[in-house]
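As C-alpha cells, the structure follows; a few thoughts come after it.
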Amino acid sequence: MSVNIGSMITAKPGVVGGTPCIDGTRVPVRSIVLYYKQGYLPEEIVQQYEHLSIAQVYAALAYYHANRAEVEADIAREEAEYDRLANEYEPARQNA
C-alpha cells in the first residue's frame, strides 16, 4: 500500500491556529523544524515524538524545505508571541 506524501501535512482552521501540522496530530511542522535546526536527526526527532513515524517526520521536513519562507514566518510569529507573553507576565512574577 502506498501513501500519498502530500496528505501527511494538513492545515485546518481551529487546529493549532491553522498552521501546518502532521495529519491526525496536533504536532506542527514548526516543532519538527525546531528540533531539526538544533541538529537533531529525523531518527532522534521520532524519539521526541514517539507517536510519530519516521515517514511523518520526513514529510514535515520536506514540507519545510518546499515552503521555507512560510514555516520560518510561522516560527517567527510563535517566538514573538512567546516574547510578548513573557514580557507581559514576567513583571507580575517579579513583584509577587
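Within each chain, counting starts at residue 1; across the C-alpha cells, chains are named A, B, ... in the order shown, with ligands numbered 1 upward in that order.
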What parts of chain A does DSSP call strand (DSSP E or B)? I'd like the answer as an MDAnalysis selection string.
chainID A and resid 9:10 21:22 28
Within 12 Å of Ala60 (chain A) using only C-alpha atoms, minus same-chain residues under 6 positions, as an MDAnalysis selection string:
chainID A and resid 5:10 20:23 27:36 42 45:46 52:54 66:68 71
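For the atom pair formed by CA of Gln56 (chain A) and CA of Val3 (chain A), the distance is 10.8 Å, given to one decimal.
Between CA of Val16 (chain A) and CA of Ser2 (chain A) the separation is 27.8 Å.
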If you run DSSP on this backbone, which residues of chain A come out as helix (DSSP H, G or I), and could you give them as a ChimeraX atom specification?
/A:5-7,16-18,29-37,42-48,54-66,68-95
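Distance annotation: of A:Ile75, A:Leu41, A:Ala86, A:Ala80, the residue with the minimal separation from Leu61 (chain A) is A:Leu41; atom set is only C-alpha atoms.
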